[in-house]
Amino acid sequence: MDENEWSNMEYTGIAPLPSFGHTATEITKTKIILFGGATGEPSKYIMTDSMYIFYIFKKAWAKLEGINNH
């Protein structure tokens, strides 16, 4: 595979919905935090305040819950 080619990746856990306008930040060499964004179509979307962590080497997602999240 070419280094500039996209492909689907197998993963485990609770993954975020496809979104746009979110942030993704590498917090360590093994973890990425994804926050917020919007889901849906650009003309009809819902803003989110959800936060997920991706464990790079485990290829696993987890949803992070805050005190006010249910």
# chains A, B, ... in the order shown; residues from 1 in each chain; ligands from 1
>>> residues_around(residues="A:Met51", least_positions_apart="2", cutoff="6 Å", atoms="only C-alpha atoms", output="ChimeraX atom specification")
/A:34-35,64
>>> residues_around(residues="A:Gly13", least_positions_apart="6", cutoff="10 Å", atoms="only C-alpha atoms", output="ChimeraX atom specification")
/A:54,59-63
>>> atom_distance(atom1="atom CA of A:His22", atom2="atom CA of A:Glu3")
24.2 Å
>>> atom_distance(atom1="atom CA of A:Thr28", atom2="atom CA of A:Met47")
26.6 Å
>>> residues_around(residues="A:Ile56", least_positions_apart="5", cutoff="10 Å", atoms="only C-alpha atoms", output="list in words")
Tyr11, Glu26, Thr28, Lys29, Thr30, Lys31, Ile32 and Trp61 of chain A
>>> atom_distance(atom1="atom CA of A:Tyr52", atom2="atom CA of A:Pro16")
6.9 Å
>>> select_by_dssp(residues="stretch 4-57 of chain A", states="strand (DSSP E)", output="NGL selection string")
:A and (12-13 or 23-28 or 31-41 or 44-55)
>>> closest_residue(among="A:Gly66, A:Glu41, A:Asn8, A:Ile33", to="A:Phe20", atoms="only C-alpha atoms")
A:Glu41
